[in-house]
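The structure file target-v3.cif is reproduced below (mmCIF, C-alpha atoms).
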data_target
loop_
_atom_site.label_atom_id
_atom_site.label_comp_id
_atom_site.auth_asym_id
_atom_site.auth_seq_id
_atom_site.Cartn_x
_atom_site.Cartn_y
_atom_site.Cartn_z
CA MET R 19 117.35 -42.17 -28.98
CA THR R 20 117.22 -38.66 -29.95
CA MET R 21 119.57 -36.30 -28.61
CA LYS R 22 118.44 -32.89 -27.57
CA ARG R 23 120.52 -30.05 -28.53
CA THR R 24 120.34 -26.78 -26.67
CA LEU R 25 120.02 -23.59 -28.62
CA THR R 26 122.68 -21.02 -28.45
CA ALA R 27 121.94 -17.47 -27.37
CA SER R 28 122.24 -16.23 -30.95
CA GLU R 29 119.66 -18.79 -32.20
CA LYS R 30 117.29 -17.95 -29.35
CA ARG R 31 117.56 -14.27 -30.23
CA THR R 32 116.88 -15.01 -33.94
CA ILE R 33 113.81 -17.07 -33.03
CA ARG R 34 112.55 -14.28 -30.74
CA TYR R 35 113.02 -11.69 -33.48
CA GLY R 36 111.31 -13.94 -36.02
CA ALA R 37 108.40 -14.58 -33.67
CA LEU R 38 108.19 -10.84 -32.95
CA VAL R 39 108.15 -10.00 -36.69
CA ILE R 40 105.46 -12.64 -37.32
CA LEU R 41 103.44 -11.34 -34.36
CA ILE R 42 103.70 -7.73 -35.59
CA PHE R 43 102.69 -8.83 -39.10
CA LEU R 44 99.68 -10.74 -37.75
CA VAL R 45 98.64 -7.82 -35.52
CA LEU R 46 98.91 -5.34 -38.40
CA PHE R 47 97.23 -7.63 -40.92
CA GLY R 48 94.52 -8.64 -38.44
CA GLY R 49 94.12 -5.01 -37.34
CA LEU R 50 93.58 -3.91 -40.93
CA LYS R 51 91.02 -6.67 -41.41
CA ILE R 52 89.24 -5.64 -38.21
CA CYS R 53 89.33 -1.96 -39.24
CA LYS R 54 87.88 -2.82 -42.65
CA PHE R 55 85.20 -4.95 -41.00
CA PHE R 56 84.14 -2.15 -38.64
CA ALA R 57 84.31 0.41 -41.48
CA GLY R 58 81.92 -1.81 -43.46
CA LEU R 59 79.59 -2.03 -40.47
CA ARG R 60 79.76 1.75 -40.02
CA THR R 61 78.95 2.30 -43.72
CA HIS R 62 76.07 -0.16 -43.53
CA TYR R 63 74.77 1.59 -40.41
CA ARG R 64 74.94 5.01 -42.09
CA THR R 65 73.12 3.63 -45.13
CA MET R 66 70.41 2.18 -42.91
CA VAL R 67 70.05 5.49 -41.05
CA ALA R 68 69.73 7.37 -44.37
CA GLU R 69 67.11 4.89 -45.60
CA ALA R 70 65.18 5.22 -42.33
CA HIS R 71 65.27 9.00 -42.64
CA GLN R 72 64.03 8.80 -46.25
CA LEU R 73 61.24 6.42 -45.17
CA ARG R 74 60.20 8.93 -42.49
CA VAL R 75 60.11 11.71 -45.08
CA ASP R 76 58.13 9.54 -47.51
CA ALA R 77 55.71 8.51 -44.75
CA ALA R 78 55.18 12.16 -43.83
CA LEU R 79 54.46 12.99 -47.49
CA ASP R 80 52.07 10.05 -47.75
CA ALA R 81 50.33 11.16 -44.57
CA ASP R 82 49.98 14.68 -46.00
CA GLU R 83 48.55 13.31 -49.25
CA ALA R 84 46.17 11.06 -47.31
CA ALA R 85 44.99 14.03 -45.27
CA VAL R 86 44.34 16.02 -48.46
CA VAL R 87 42.41 13.12 -50.01
CA ARG R 88 40.46 12.59 -46.78
CA LYS R 89 39.57 16.31 -46.70
CA MET R 90 38.48 16.24 -50.34
CA MET R 91 36.36 13.14 -49.70
CA THR R 92 34.73 14.91 -46.78
CA ASP R 93 34.28 18.24 -48.59
CA PHE R 94 32.82 16.66 -51.72
CA ASN R 95 31.02 13.77 -49.99
CA LEU R 96 32.88 11.40 -52.30
CA ASP R 97 33.57 7.75 -51.57
CA PRO R 98 35.86 6.32 -54.31
CA ALA R 99 35.20 2.74 -53.19
CA ALA R 100 31.46 3.19 -53.73
CA LEU R 101 31.87 4.50 -57.28
CA THR R 102 31.35 1.90 -59.95
CA THR R 103 31.25 2.53 -63.66
CA ASN R 104 27.85 0.92 -64.08
CA SER R 105 25.99 2.78 -61.38
CA ALA R 106 27.82 6.13 -61.25
CA VAL R 107 25.51 7.90 -63.72
CA ALA R 108 22.36 6.49 -62.12
CA ASN R 109 23.56 7.41 -58.62
CA ALA R 110 24.49 10.91 -59.76
CA ASN R 111 21.08 11.34 -61.38
CA ALA R 112 19.30 10.19 -58.22
CA ALA R 113 21.44 12.49 -56.06
CA ILE R 114 20.72 15.48 -58.31
CA GLN R 115 16.97 14.81 -58.27
CA ASN R 116 16.95 14.36 -54.47
CA ALA R 117 18.89 17.59 -53.95
CA ALA R 118 16.57 19.45 -56.30
CA LYS R 119 13.39 18.13 -54.65
CA SER R 120 14.67 18.82 -51.15
CA GLY R 121 15.49 22.41 -52.21
CA GLY R 122 12.00 23.01 -53.59
CA ILE R 123 12.82 22.71 -57.29
CA GLN R 124 10.37 20.90 -59.55
CA ILE R 125 12.19 18.66 -62.00
CA GLU R 126 10.32 18.67 -65.30
CA ALA R 127 12.54 16.49 -67.51
CA VAL R 128 15.66 14.39 -67.06
CA HIS R 129 17.71 12.78 -69.85
CA GLU R 130 20.70 10.50 -69.36
CA SER R 131 23.07 9.68 -72.18
CA ALA R 132 26.24 7.65 -72.51
CA GLY R 133 29.63 9.29 -72.26
CA GLY R 134 31.12 11.12 -75.21
CA ASN R 135 34.18 10.19 -77.21
CA SER R 136 36.42 10.68 -74.21
CA ALA R 137 37.11 7.83 -71.80
CA GLU R 138 37.00 10.46 -69.06
CA GLU R 139 33.20 10.76 -69.29
CA LEU R 140 30.85 8.05 -68.07
CA GLY R 141 27.71 9.86 -69.10
CA THR R 142 25.76 13.07 -69.34
CA ILE R 143 22.68 14.11 -67.39
CA GLN R 144 20.50 16.90 -68.70
CA PHE R 145 17.68 18.13 -66.55
CA GLN R 146 15.13 20.91 -66.64
CA GLY R 147 13.25 22.32 -63.74
CA SER R 148 11.90 25.41 -62.08
CA GLY R 149 11.86 26.83 -58.61
CA PRO R 150 12.74 29.80 -56.44
CA SER R 151 15.96 31.55 -57.46
CA THR R 152 17.60 30.92 -54.08
CA ALA R 153 16.86 27.19 -54.38
CA VAL R 154 18.28 27.11 -57.91
CA VAL R 155 21.51 28.83 -56.83
CA THR R 156 21.78 26.47 -53.83
CA LEU R 157 21.37 23.44 -56.13
CA ILE R 158 24.08 24.73 -58.48
CA ARG R 159 26.46 25.15 -55.55
CA GLN R 160 25.60 21.64 -54.26
CA LEU R 161 26.19 19.77 -57.55
CA PRO R 162 29.94 19.17 -57.02
CA LEU R 163 29.23 17.99 -53.46
CA LEU R 164 26.73 15.25 -54.28
CA GLY R 165 29.18 12.32 -54.09
CA SER R 166 30.05 11.84 -57.75
CA PRO R 167 32.71 13.53 -59.86
CA LEU R 168 30.44 15.98 -61.70
CA VAL R 169 31.24 18.88 -63.99
CA ILE R 170 28.61 21.36 -65.20
CA ARG R 171 28.91 21.53 -68.99
CA SER R 172 26.13 24.03 -69.60
CA LEU R 173 23.77 26.05 -67.46
CA GLN R 174 20.86 28.21 -68.52
CA MET R 175 18.63 30.11 -66.12
CA THR R 176 15.69 32.22 -67.25
CA ALA R 177 12.94 34.00 -65.37
CA ASP R 178 9.59 32.22 -65.46
CA PRO R 179 7.11 34.82 -66.79
CA MET R 180 4.13 32.81 -65.53
CA ARG R 181 5.37 32.70 -61.92
CA PRO R 182 7.10 35.72 -60.40
CA GLY R 183 10.17 34.89 -58.28
CA GLN R 184 10.56 31.56 -60.07
CA VAL R 185 13.45 30.60 -62.34
CA LYS R 186 13.54 28.02 -65.12
CA LEU R 187 16.67 25.93 -65.12
CA ASN R 188 18.29 23.89 -67.90
CA VAL R 189 21.52 22.13 -66.86
CA THR R 190 23.82 19.63 -68.54
CA VAL R 191 26.11 17.77 -66.15
CA VAL R 192 28.96 15.41 -67.11
CA VAL R 193 29.68 12.43 -64.85
CA LEU R 194 33.42 11.84 -64.96
CA ASN R 195 35.11 8.44 -64.90
CA PHE R 196 36.67 8.22 -61.45
CA ASP R 197 38.91 5.28 -62.48
CA ASN R 198 40.76 7.56 -64.91
CA TRP R 199 41.21 10.10 -62.15
CA LYS R 200 42.83 7.45 -59.93
CA LYS R 201 45.22 6.30 -62.68
CA GLY R 202 46.47 9.52 -64.18
CA GLY R 203 45.24 12.50 -62.21
CA ALA R 204 42.26 14.72 -62.80
CA PRO R 205 41.01 14.81 -66.40
CA HIS R 206 40.75 17.98 -68.38
CA ALA R 207 37.03 18.67 -68.56
#
What's the structure tokens form of this structure?
Amino acid sequence: MTMKRTLTASEKRTIRYGALVILIFLVLFGGLKICKFFAGLRTHYRTMVAEAHQLRVDAALDADEAAVVRKMMTDFNLDPAALTTNSAVANANAAIQNAAKSGGIQIEAVHESAGGNSAEELGTIQFQGSGPSTAVVTLIRQLPLLGSPLVIRSLQMTADPMRPGQVKLNVTVVVLNFDNWKKGGAPHA
């Protein structure tokens, strides 16, 4: 049989103080852990808010860039998905001839050649024609809007002595490689 001994008042007080010290230690230690936990959550939340804000800014910039590209595609009648390296020169040539004929310009000669030394050029189109001066000026203004990245390399206009009011036209147009434009910006033509 075990005998139970009663604790004296001094022992009870010591146990109470010990329990109180242990309780205070646990509350402080646990409180610090809880504070650190919530501080980590708060930091994570602030980081997430900053990232969300940066994503909003980036999305707004992307939307602005998309609007500029969309406007350029509309202004220049350019569809980058439809441009292929193999058919870009032929399509540009056909577009130039159609624009010239619809404006009343008679195309007399057309020569296509492969691009020069630069990888920025797909080919060159040289054409000669004649027509009313207003039609010639209209064609020159329409060339960049025909749906291909075109640059006029040379342009010569002379009066046609045989037909008053008519102008002879000799133009060399470079068809630029749109793939290079997409990779590294507009080439220096």
Report, as lines of an AutoDock Vina configuration file, the axis-aligned box around all atoms of range 20-33 of chain R present in the file, extended by 6 Å on each side; give centre and edge lengths in Å to one decimal place.
center_x = 118.2
center_y = -26.5
center_z = -30.3
size_x = 20.9
size_y = 36.4
size_z = 19.3
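Point (18.2, 30.8, -55.4) has the following residues at most 12 Å away: Ala118, Gly121, Gly122, Ile123, Ser148, Gly149, Pro150, Ser151, Thr152, Ala153, Val154, Val155, Thr156, Leu157, Ile158, Arg159, Gln160, Met175, Ala177, Gly183, Gln184, Val185, Lys186 and Leu187 of chain R (atoms considered: all atoms listed in the file).
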Of the candidates R:Ala70, R:Val86, R:Val75, R:Leu161, which shows the shortest atom-to-atom distance to Ile114 in chain R, using only C-alpha atoms?
R:Leu161
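Distance-wise, CA of Ala85 in chain R and CA of Val107 in chain R end up 27.5 Å apart.
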Applying 7 Å and all atoms listed in the file, which residues near Val169 in chain R remain after dropping the ones on its own chain fewer than 2 positions away? List them as a list in words.
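Counting only the stated atoms, we get Pro167, Arg171, Val191, Val192 and Val193 of chain R.
Taking CA of Ala117 in chain R and CA of Leu164 in chain R as endpoints, the distance between them is 8.2 Å.
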Distance query 6 Å from (29.0, 12.1, -66.8) using only C-alpha atoms, result as a list in words:
Glu139, Leu140, Gly141, Thr142, Val192, Val193 and Leu194 of chain R
